[in-house]
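S.K.: Please find target_30.txt (compact mmCIF, C-alpha atoms and all ligand atoms) on the next line:
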```txt
# COMPACT_ATOMS: atom_id res chain seq x y z
CA MET A 630 -51.79 86.84 -13.68
CA PHE A 631 -51.55 83.26 -15.03
CA ARG A 632 -54.94 81.96 -16.02
CA TRP A 633 -55.21 78.32 -14.85
CA ASP A 634 -58.69 77.85 -16.22
CA TYR A 635 -57.43 78.87 -19.64
CA CYS A 636 -54.66 76.30 -19.41
CA TYR A 637 -57.04 73.50 -18.32
CA CYS A 638 -59.32 74.39 -21.12
CA LEU A 639 -56.50 73.93 -23.65
CA ILE A 640 -55.51 70.58 -22.14
CA VAL A 641 -59.07 69.31 -22.27
CA LEU A 642 -59.38 70.44 -25.86
CA PHE A 643 -56.17 68.72 -26.80
CA LEU A 644 -57.12 65.46 -25.08
CA SER A 645 -60.56 65.45 -26.69
CA PHE A 646 -58.95 65.91 -30.06
CA ALA A 647 -56.49 63.05 -29.42
CA ILE A 648 -59.29 60.71 -28.30
CA TYR A 649 -61.40 61.71 -31.28
CA LYS A 650 -58.51 60.95 -33.65
CA PHE A 651 -57.95 57.63 -31.95
CA LEU A 652 -61.59 56.51 -32.05
CA TYR A 653 -62.56 57.72 -35.49
CA ASN A 654 -59.46 57.20 -37.56
CA ASP A 655 -58.88 53.86 -39.22
CA ILE A 656 -55.66 52.00 -38.65
CA ASP A 657 -53.09 53.11 -41.18
CA ILE A 658 -51.83 49.78 -42.48
CA VAL A 659 -49.68 51.34 -45.18
CA HIS A 660 -47.72 53.07 -42.43
CA LEU A 661 -47.19 49.74 -40.62
CA CYS A 662 -45.59 48.24 -43.75
CA GLU A 663 -42.46 50.40 -43.43
CA ILE A 664 -41.77 49.67 -47.04
CA HIS A 665 -38.81 52.08 -47.10
CA LYS A 666 -36.93 49.62 -44.84
CA GLY A 667 -36.42 47.26 -47.78
CA PRO A 668 -34.72 44.93 -48.36
CA LEU A 669 -34.79 44.29 -44.59
CA VAL A 670 -38.45 43.30 -44.89
CA PHE A 671 -40.40 40.05 -45.38
CA GLY A 672 -41.29 40.74 -49.00
CA THR A 673 -43.33 42.97 -51.28
CA ASP A 674 -45.68 40.48 -52.93
CA ALA A 675 -48.75 41.64 -50.96
CA CYS A 676 -48.13 45.34 -51.56
CA ASP A 677 -50.51 45.55 -54.51
CA SER A 678 -53.39 44.37 -52.32
CA VAL A 679 -52.42 46.47 -49.32
CA MET A 680 -51.70 49.67 -51.24
CA LYS A 681 -54.70 49.45 -53.57
CA GLY A 682 -57.09 49.19 -50.68
CA VAL A 683 -58.23 45.61 -51.44
CA VAL A 684 -57.64 44.94 -47.76
CA ASP A 685 -60.51 45.85 -45.49
CA VAL A 686 -59.38 46.43 -41.92
CA LYS A 687 -61.50 45.76 -38.85
CA SER A 688 -60.57 48.83 -36.82
CA THR A 689 -62.00 47.88 -33.45
CA PHE A 690 -61.09 49.81 -30.33
CA LEU A 691 -59.08 46.86 -28.98
CA THR A 692 -57.16 46.47 -32.25
CA LYS A 693 -56.23 50.15 -32.15
CA ILE A 694 -54.97 49.82 -28.59
CA ILE A 695 -52.84 46.82 -29.66
CA VAL A 696 -51.49 48.63 -32.71
CA VAL A 697 -50.58 51.76 -30.76
CA PHE A 698 -49.37 50.27 -27.48
CA GLY A 699 -48.67 46.57 -28.17
CA PRO A 700 -45.22 45.22 -29.04
CA LYS A 701 -46.47 43.88 -32.38
CA ALA A 702 -49.50 44.84 -34.44
CA VAL A 703 -52.08 42.11 -35.08
CA ILE A 704 -55.02 43.20 -37.20
CA ARG A 705 -57.96 41.22 -38.48
CA GLY A 706 -59.58 42.07 -41.79
CA ASN A 707 -60.80 40.89 -45.16
CA MET A 708 -59.09 40.58 -48.52
CA ASN A 709 -61.02 39.57 -51.65
CA GLY A 710 -63.68 37.97 -49.45
CA GLU A 711 -61.20 35.92 -47.38
CA LYS A 712 -60.77 36.48 -43.67
CA ILE A 713 -57.20 37.55 -43.04
CA ILE A 714 -54.94 38.44 -40.17
CA MET A 715 -52.11 40.94 -40.62
CA LYS A 716 -49.11 40.92 -38.32
CA THR A 717 -45.95 42.98 -38.04
CA LEU A 718 -44.21 39.81 -36.76
CA GLY A 719 -41.45 41.56 -34.84
CA THR A 720 -41.03 44.14 -32.12
CA LYS A 721 -39.38 47.52 -32.66
CA GLN A 722 -36.31 46.24 -30.80
CA GLU A 723 -36.11 43.11 -32.95
CA PHE A 724 -36.14 45.15 -36.14
CA GLU A 725 -33.60 47.61 -34.76
CA SER A 726 -31.24 44.84 -33.79
CA LEU A 727 -31.71 43.34 -37.27
CA GLU A 728 -30.68 46.65 -38.83
CA GLU A 729 -27.59 46.76 -36.61
CA ASP A 730 -26.66 43.18 -37.57
CA ALA A 731 -27.16 44.01 -41.24
CA LYS A 732 -24.76 46.95 -40.97
CA ASP A 733 -22.10 44.70 -39.44
CA ILE A 734 -22.60 41.72 -41.70
CA PHE A 735 -23.08 43.38 -45.08
CA SER A 736 -20.79 46.32 -44.27
CA GLY A 737 -22.15 49.26 -46.16
CA ASP A 738 -24.49 48.99 -49.08
CA ILE A 739 -26.62 45.86 -48.86
CA SER A 740 -27.78 45.97 -52.44
CA THR A 741 -24.25 45.57 -53.84
CA THR A 742 -23.53 42.36 -51.97
CA SER A 743 -23.45 39.13 -53.98
CA PRO A 744 -26.03 36.32 -53.82
CA ALA A 745 -23.29 33.87 -52.78
CA ASN A 746 -22.38 36.12 -49.85
CA VAL A 747 -25.99 36.35 -48.66
CA LYS A 748 -26.42 32.58 -48.99
CA GLY A 749 -23.48 32.09 -46.65
CA VAL A 750 -25.02 34.53 -44.19
CA LEU A 751 -28.36 32.73 -44.45
CA LEU A 752 -26.86 29.41 -43.66
CA LYS A 753 -25.04 30.76 -40.64
CA ALA A 754 -28.26 32.34 -39.40
CA LEU A 755 -30.01 28.99 -39.72
CA HIS A 756 -27.44 26.97 -37.90
CA LEU A 757 -25.23 28.99 -35.59
CA PRO A 758 -26.58 30.20 -32.29
CA LEU A 759 -26.58 34.00 -32.15
CA GLU A 760 -25.43 35.37 -28.79
CA ASN A 761 -26.16 31.98 -27.25
CA ARG A 762 -29.69 32.06 -28.55
CA VAL A 763 -30.79 29.13 -30.65
CA PRO A 764 -32.12 30.49 -33.98
CA LYS A 765 -35.91 30.51 -34.27
CA LEU A 766 -35.63 28.46 -37.44
CA TYR A 767 -32.92 25.97 -36.58
CA LEU A 768 -31.29 23.67 -39.03
CA CYS A 769 -29.94 20.51 -37.41
CA PHE A 770 -27.00 20.12 -39.79
CA LYS A 771 -25.06 22.28 -42.15
CA PRO A 772 -25.88 21.01 -45.66
CA LYS A 773 -23.04 19.93 -47.94
CA ASN A 774 -24.40 21.67 -50.97
CA VAL A 775 -25.81 25.03 -49.98
CA ASP A 776 -27.52 25.76 -53.28
CA THR A 777 -29.42 22.50 -53.61
CA PHE A 778 -30.42 22.74 -50.00
CA LEU A 779 -31.75 26.30 -50.21
CA VAL A 780 -33.68 25.47 -53.36
CA LYS A 781 -35.29 22.49 -51.62
CA LEU A 782 -36.32 24.64 -48.68
CA PHE A 783 -37.13 27.99 -50.27
CA ASP A 784 -38.33 27.07 -53.74
CA LYS A 785 -40.94 29.84 -53.67
CA TYR A 786 -38.20 32.47 -53.88
CA ASP A 787 -35.91 33.49 -56.71
CA LEU A 788 -32.60 32.63 -55.07
CA THR A 789 -30.48 34.49 -57.62
CA ASN A 790 -32.00 37.73 -56.44
CA VAL A 791 -30.15 39.46 -53.60
CA GLU A 792 -33.27 41.25 -52.39
CA ASN A 793 -35.16 37.95 -52.11
CA LEU A 794 -32.27 36.38 -50.21
CA ILE A 795 -32.17 39.30 -47.78
CA ASN A 796 -35.94 38.98 -47.29
CA ILE A 797 -35.34 35.34 -46.31
CA TRP A 798 -32.55 36.36 -43.94
CA THR A 799 -34.80 39.01 -42.35
CA SER A 800 -37.44 36.38 -41.80
CA ILE A 801 -35.00 33.88 -40.30
CA ILE A 802 -33.79 36.47 -37.80
CA VAL A 803 -37.02 38.27 -36.90
CA ASN A 804 -39.75 35.72 -37.51
CA PRO A 805 -39.57 32.66 -39.76
CA GLU A 806 -43.34 32.15 -39.94
CA PRO A 807 -43.61 33.37 -43.58
CA LEU A 808 -40.86 30.93 -44.58
CA VAL A 809 -42.33 27.96 -42.72
CA LEU A 810 -45.76 28.62 -44.23
CA GLN A 811 -44.29 28.52 -47.72
CA ILE A 812 -42.77 25.13 -47.06
CA LEU A 813 -45.85 23.75 -45.29
CA ARG A 814 -49.00 24.82 -47.13
CA PRO A 815 -52.64 24.12 -46.49
CA PRO A 816 -54.79 22.17 -47.14
CA LYS A 817 -52.19 19.40 -46.98
CA TRP A 818 -50.73 20.81 -43.76
CA PRO A 819 -52.86 21.97 -40.80
CA VAL A 820 -51.56 25.57 -40.90
CA PRO A 821 -52.83 28.93 -42.19
CA ARG A 822 -52.31 30.12 -45.74
CA TYR A 823 -49.66 32.82 -46.12
CA TYR A 824 -50.82 35.45 -48.59
CA GLY A 825 -47.56 37.38 -48.74
CA SER A 826 -46.05 40.45 -47.18
CA CYS A 827 -45.85 44.13 -47.80
CA GLY A 828 -42.65 45.29 -46.17
CA ARG A 829 -42.82 44.40 -42.50
CA LEU A 830 -46.52 43.55 -42.49
CA ALA A 831 -47.33 39.92 -43.30
CA VAL A 832 -50.76 38.71 -44.38
CA PHE A 833 -52.11 35.32 -43.30
CA GLU A 834 -55.37 33.45 -43.45
CA ASP A 835 -57.45 34.01 -40.32
CA CYS A 836 -58.07 30.46 -39.16
CA GLY A 837 -60.48 31.06 -36.32
CA GLU A 838 -60.46 30.97 -32.57
CA ARG A 839 -57.89 29.64 -30.16
CA LEU A 840 -58.10 26.16 -28.73
CA THR A 841 -58.31 27.65 -25.24
CA LEU A 842 -61.88 28.76 -26.07
CA PHE A 843 -62.88 25.13 -26.57
CA TYR A 844 -62.04 23.88 -23.10
CA ASP A 845 -65.74 23.69 -22.24
CA ALA A 846 -66.87 22.37 -25.60
CA PRO A 847 -68.81 19.07 -25.70
CA TRP A 848 -66.68 15.97 -25.19
CA SER A 849 -67.18 14.74 -28.75
CA LEU A 850 -65.77 17.98 -30.20
CA ARG A 851 -62.83 17.96 -27.80
CA ALA A 852 -62.14 14.32 -28.67
CA ASN A 853 -62.29 15.17 -32.36
CA LEU A 854 -59.87 18.09 -31.94
CA THR A 855 -57.56 15.93 -29.86
CA VAL A 856 -57.31 13.34 -32.63
CA GLN A 857 -56.58 16.12 -35.14
CA VAL A 858 -53.87 17.70 -33.00
CA LEU A 859 -52.23 14.35 -32.37
CA SER A 860 -52.27 13.41 -36.07
CA ALA A 861 -50.77 16.81 -36.86
CA ALA A 862 -47.87 15.97 -34.52
CA PHE A 863 -47.26 12.81 -36.57
CA GLU A 864 -47.56 14.72 -39.86
CA PHE A 865 -44.96 17.32 -38.87
CA THR A 866 -42.66 14.45 -37.95
CA PHE A 867 -43.24 12.05 -40.86
CA ALA A 868 -45.26 13.51 -43.75
CA HIS A 869 -42.64 15.60 -45.56
CA PRO A 870 -40.51 13.55 -47.96
CA THR A 871 -37.25 15.35 -47.10
CA PHE A 872 -37.59 17.15 -43.80
CA THR A 873 -38.81 16.60 -40.29
CA PHE A 874 -40.29 19.66 -38.59
CA TYR A 875 -40.16 19.84 -34.82
CA LEU A 876 -42.28 22.65 -33.39
CA THR A 877 -40.70 24.07 -30.27
CA ASP A 878 -43.38 26.51 -29.16
CA MET A 879 -46.51 24.44 -28.81
CA THR A 880 -49.16 25.97 -26.60
CA ALA A 881 -52.95 25.90 -26.69
CA ASP A 882 -52.75 29.54 -27.82
CA ASN A 883 -50.84 28.50 -30.90
CA ILE A 884 -53.56 26.15 -32.11
CA VAL A 885 -56.82 27.49 -33.53
CA VAL A 886 -60.03 25.90 -34.77
CA ASP A 887 -61.51 27.12 -38.06
CA ASP A 888 -65.18 27.37 -39.10
CA GLU A 889 -65.17 23.81 -40.38
CA GLY A 890 -63.81 22.49 -37.09
CA ARG A 891 -60.30 21.93 -38.42
CA ALA A 892 -57.48 22.42 -35.93
CA ARG A 893 -54.61 24.49 -37.33
CA PHE A 894 -51.21 25.37 -35.95
CA ILE A 895 -50.45 29.11 -36.00
CA ASP A 896 -47.47 31.23 -34.95
CA LEU A 897 -45.00 28.84 -36.54
CA GLU A 898 -42.08 30.92 -35.43
CA ASN A 899 -39.94 28.36 -33.61
CA VAL A 900 -39.13 25.31 -35.68
CA ILE A 901 -36.28 22.82 -35.83
CA ILE A 902 -35.68 21.31 -39.28
CA LEU A 903 -33.97 17.97 -39.75
CA ASP A 904 -33.02 16.91 -43.26
CA LYS A 905 -33.77 13.22 -42.94
CA ILE A 906 -32.68 11.88 -46.30
CA SER A 907 -29.49 13.65 -47.27
CA ASP A 908 -27.23 11.48 -45.15
CA PRO A 909 -27.08 8.18 -47.02
CA ALA A 910 -23.51 7.50 -45.88
CA GLY A 911 -24.52 7.84 -42.27
CA GLU A 912 -21.87 10.50 -41.62
CA LEU A 913 -24.09 12.40 -39.25
CA LYS A 914 -24.21 9.37 -36.97
CA LEU A 915 -27.88 9.86 -36.31
CA GLN A 916 -29.05 7.47 -33.65
CA SER A 917 -31.36 4.93 -35.19
CA GLN A 918 -33.31 4.26 -32.05
CA ASN A 919 -36.17 6.67 -31.46
CA HIS A 920 -35.55 9.63 -29.20
CA THR A 921 -37.94 9.78 -26.28
CA SER A 922 -38.52 13.15 -24.63
CA ASP A 923 -37.92 13.19 -20.95
CA ALA A 924 -41.08 14.42 -19.27
CA ASP A 925 -39.72 14.11 -15.73
CA GLU A 926 -38.14 17.52 -15.37
CA CYS A 927 -41.34 19.36 -14.67
CA THR A 928 -44.99 18.82 -15.40
CA SER A 929 -46.01 22.18 -16.81
CA CYS A 930 -42.93 23.40 -18.67
CA PHE A 931 -41.90 22.37 -22.14
CA SER A 932 -38.19 21.71 -22.25
CA TYR A 933 -36.18 19.95 -24.89
CA SER A 934 -32.60 19.36 -25.94
CA ILE A 935 -31.60 20.42 -29.42
CA ASP A 936 -28.75 17.90 -29.39
CA ASP A 937 -31.09 15.04 -28.56
CA ILE A 938 -33.64 16.02 -31.17
CA CYS A 939 -31.05 16.58 -33.89
CA GLY A 940 -29.03 13.51 -32.96
CA HIS A 941 -31.75 10.97 -33.73
CA ARG A 942 -33.48 9.96 -36.95
CA ILE A 943 -36.82 10.17 -35.18
CA SER A 944 -37.78 12.07 -32.04
CA ASP A 945 -41.13 11.96 -30.28
CA HIS A 946 -40.73 15.70 -29.62
CA ASN A 947 -43.91 16.79 -31.47
CA ILE A 948 -46.02 14.15 -29.75
CA TYR A 949 -44.55 15.16 -26.41
CA GLY A 950 -45.29 18.79 -27.33
CA VAL A 951 -48.96 18.30 -28.10
CA CYS A 952 -49.37 16.21 -24.97
CA LYS A 953 -48.03 19.16 -22.98
CA VAL A 954 -50.80 21.28 -24.51
CA ARG A 955 -53.34 18.95 -22.99
CA ASN A 956 -53.79 20.86 -19.67
CA ASN A 957 -57.53 21.15 -19.12
CA PHE A 958 -58.27 19.86 -22.54
CA TYR A 959 -57.91 16.26 -23.57
C1 LIG B 1 -63.79 15.68 -36.80
O1 LIG B 1 -64.88 16.46 -37.28
C2 LIG B 1 -64.83 16.74 -38.68
C3 LIG B 1 -65.95 17.69 -39.04
O2 LIG B 1 -66.87 17.89 -38.04
C4 LIG B 1 -64.89 15.44 -39.45
O3 LIG B 1 -64.82 15.72 -40.84
C5 LIG B 1 -63.71 14.58 -39.03
O4 LIG B 1 -63.78 13.32 -39.69
C6 LIG B 1 -63.73 14.35 -37.54
N1 LIG B 1 -62.50 13.66 -37.18
C7 LIG B 1 -62.48 12.58 -36.39
C8 LIG B 1 -61.16 12.01 -36.12
O5 LIG B 1 -63.50 12.12 -35.92
C1 LIG B 2 -39.61 4.40 -34.07
O1 LIG B 2 -40.86 5.02 -34.34
C2 LIG B 2 -41.43 4.64 -35.58
C3 LIG B 2 -42.68 5.48 -35.79
O2 LIG B 2 -43.56 5.41 -34.71
C4 LIG B 2 -41.73 3.15 -35.57
O3 LIG B 2 -42.29 2.78 -36.82
C5 LIG B 2 -40.44 2.39 -35.31
O4 LIG B 2 -40.73 1.03 -35.18
C6 LIG B 2 -39.75 2.89 -34.05
N1 LIG B 2 -38.43 2.29 -33.95
C7 LIG B 2 -37.98 1.68 -32.88
C8 LIG B 2 -36.60 1.14 -32.95
O5 LIG B 2 -38.66 1.55 -31.86
```
Mind turning the file's structure into structure tokens?
Ligand SMILES: *[C@@H]1O[C@H](CO)[C@@H](O)[C@H](O)[C@H]1NC(C)=O
Ligand SMILES: *[C@@H]1O[C@H](CO)[C@@H](O)[C@H](O)[C@H]1NC(C)=O
M.R.:
Amino acid sequence: MFRWDYCYCLIVLFLSFAIYKFLYNDIDIVHLCEIHKGPLVFGTDACDSVMKGVVDVKSTFLTKIIVVFGPKAVIRGNMNGEKIIMKTLGTKQEFESLEEDAKDIFSGDISTTSPANVKGVLLKALHLPLENRVPKLYLCFKPKNVDTFLVKLFDKYDLTNVENLINIWTSIIVNPEPLVLQILRPPKWPVPRYYGSCGRLAVFEDCGERLTLFYDAPWSLRANLTVQVLSAAFEFTFAHPTFTFYLTDMTADNIVVDDEGRARFIDLENVIILDKISDPAGELKLQSQNHTSDADECTSCFSYSIDDICGHRISDHNIYGVCKVRNNFY
């Protein structure tokens, strides 16, 4: 006769073991790196720290749940005494679709492709909509001289190295945050420091708590943060000598406040870049009057037109964006 109690007993044993493993095992960050997926990764510059155990992970119950069941892993920790946040930056589907694209585009062995070929692919990824989707890092105009342009934008990379170029391409497609944070660096810019990546796991400075937690803060603090957020909108628009950066995903969740009360913009994944000086002959026919965002369409959504933003020398898009964040706050 079949012994049900025996069967139950086995199931209970198995479940207890699974729960025990889940609760008492630390998160395996080396596994999250997927280093064998190179060069379709963000980089390898943080691998020394990650592999040698310099990184101390805060394995809370919630973090484990997010790592196991969430679309992307986000893990807080410490590295050489600095508070850090590690993120896988893309979902499983996003990485899979990247691998498919890579097979089509680089047909066959990626490592034998030439730097010039990858540069062409990069440029396309920055400017041409993919399947009607606007790229996350969108370049308003195709530059005349690809090399000079890429050097201006990605000077932290060795652009003669195919692997580096493919890392940049991976980032453009999956999540440009590592790229943006190498162009805009703190303390000059109100953004987190990027410490590097190990494979598909990127390491950033942990800049504190989200702005949404400050809705009930004293008026003076909220006023102070408001001034900071508004000046940041002007900085992204005017402070870089060559480029204007328009952030297209501004929400209160994407702004955090650090221990010193500094507001910082995080999740810089959706950015439009306008090269504002390389058109001395006026060929791009940029409108010289300022572009004003149209706030009439709806009060809570955040809509914009790429053509309008890219067609003017100056757009108030960032200012409009931070004003949309204001709900409950300013
Ligand atoms: C906001 O507060 C910080 C520190 O508390 C201070 O350094 C800064 O000057 C303040 N900014 C404004 C605009 O008052
Ligand atoms: C456009 O905006 C800039 C910056 O706020 C300002 O200096 C300039 O006068 C404005 N131009 C026009 C035509 O309104």
S.K.: Counting only C-alpha atoms and all ligand atoms, which protein, DNA or RNA residues come within 9 Å of ligand LIG 2 (chain B), given as a PyMOL selection string?
M.R.: chain A and resi 863+867+917-920+942-945
S.K.: Got a sec to check which residues lie within 10 Å of ligand LIG 1 (chain B), using all atoms listed in the file, and send them as a ChimeraX atom specification?
M.R.: /A:849-860,888-892
S.K.: For stretch 706-719 of chain A, list every protein, DNA or RNA residue within 6 Å, evaluated using only C-alpha atoms, and leave out those in the same chain fewer than 4 positions away; present the list as a list in words.
M.R.: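 Surrounding residues, per the criterion: Val683, Val684, Asp685, Val686, Lys687, Lys701, Ala702, Glu723, Val803, Arg829, Leu830, Ala831, Val832, Phe833, Glu834 and Asp835 of chain A.
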S.K.: Would you save the residues from that selection as a short mmCIF file (atom, residue, chain, number, x, y, z; two decimals), in the coordinates of the input, using C-alpha atoms?
M.R.:
```cif
data_model
loop_
_atom_site.label_atom_id
_atom_site.label_comp_id
_atom_site.auth_asym_id
_atom_site.auth_seq_id
_atom_site.Cartn_x
_atom_site.Cartn_y
_atom_site.Cartn_z
CA VAL A 683 -58.23 45.61 -51.44
CA VAL A 684 -57.64 44.94 -47.76
CA ASP A 685 -60.51 45.85 -45.49
CA VAL A 686 -59.38 46.43 -41.92
CA LYS A 687 -61.50 45.76 -38.85
CA LYS A 701 -46.47 43.88 -32.38
CA ALA A 702 -49.50 44.84 -34.44
CA GLU A 723 -36.11 43.11 -32.95
CA VAL A 803 -37.02 38.27 -36.90
CA ARG A 829 -42.82 44.40 -42.50
CA LEU A 830 -46.52 43.55 -42.49
CA ALA A 831 -47.33 39.92 -43.30
CA VAL A 832 -50.76 38.71 -44.38
CA PHE A 833 -52.11 35.32 -43.30
CA GLU A 834 -55.37 33.45 -43.45
CA ASP A 835 -57.45 34.01 -40.32
#
```
S.K.: Work out how far atom CA of A:Ile801 is from atom CA of A:Ile739, in Å to one decimal.
M.R.: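 Calculated distance between atom CA of A:Ile739 and atom CA of A:Ile801 is 16.9 Å.
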S.K.: Quick check, in Å to one decimal: how far apart do atom CA of A:Pro847 and atom CA of A:Asp882 lie?
M.R.: 19.3 Å
S.K.: Between A:Thr692, A:Thr741, A:Ser922, A:Thr720, which is the closest to A:Asn947 once you count all atoms listed in the file?
M.R.: A:Ser922
S.K.: Around all listed atoms of stretch 815-834 of chain A, padded 5 Å per side, what centre and edge lengths does the axis-aligned box have in Å to one decimal, as lines of an AutoDock Vina configuration file?
M.R.:
```
center_x = -49.0
center_y = 32.3
center_z = -44.8
size_x = 22.7
size_y = 35.9
size_z = 17.9
```
S.K.: Using only C-alpha atoms, find the one residue out of A:Asn899, A:Ser740, A:Ser688, A:Gln916 that sits nearest to A:Leu755.
M.R.: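 Checking each candidate against A:Leu755, we get A:Asn899 as the closest.
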S.K.: Go ahead and compute the interatomic distance for atom CA of A:Lys905 and atom CA of A:Thr777, in Å to one decimal.
M.R.: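 These atoms are spaced 14.8 Å apart.
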S.K.: Of the residues A:Val750, A:Ile695, A:Cys769, A:Lys681, which is the one nearest to A:Asp733, using all atoms listed in the file?
M.R.: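 Comparing A:Val750, A:Ile695, A:Cys769, A:Lys681 against A:Asp733, the winner is A:Val750.
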S.K.: Give me the residues within 12 Å of stretch 663-668 of chain A as JSON, numbers by chain, counting only C-alpha atoms and dropping any in the same chain fewer than 5 places off.
M.R.: {"A": [657, 658, 673, 674, 675, 676, 679, 680, 717, 721, 724, 725, 727, 728, 731, 738, 739, 740, 741, 790, 791, 792, 793, 794, 795, 796, 797, 798, 799, 800, 826, 827, 828, 829, 830, 831]}
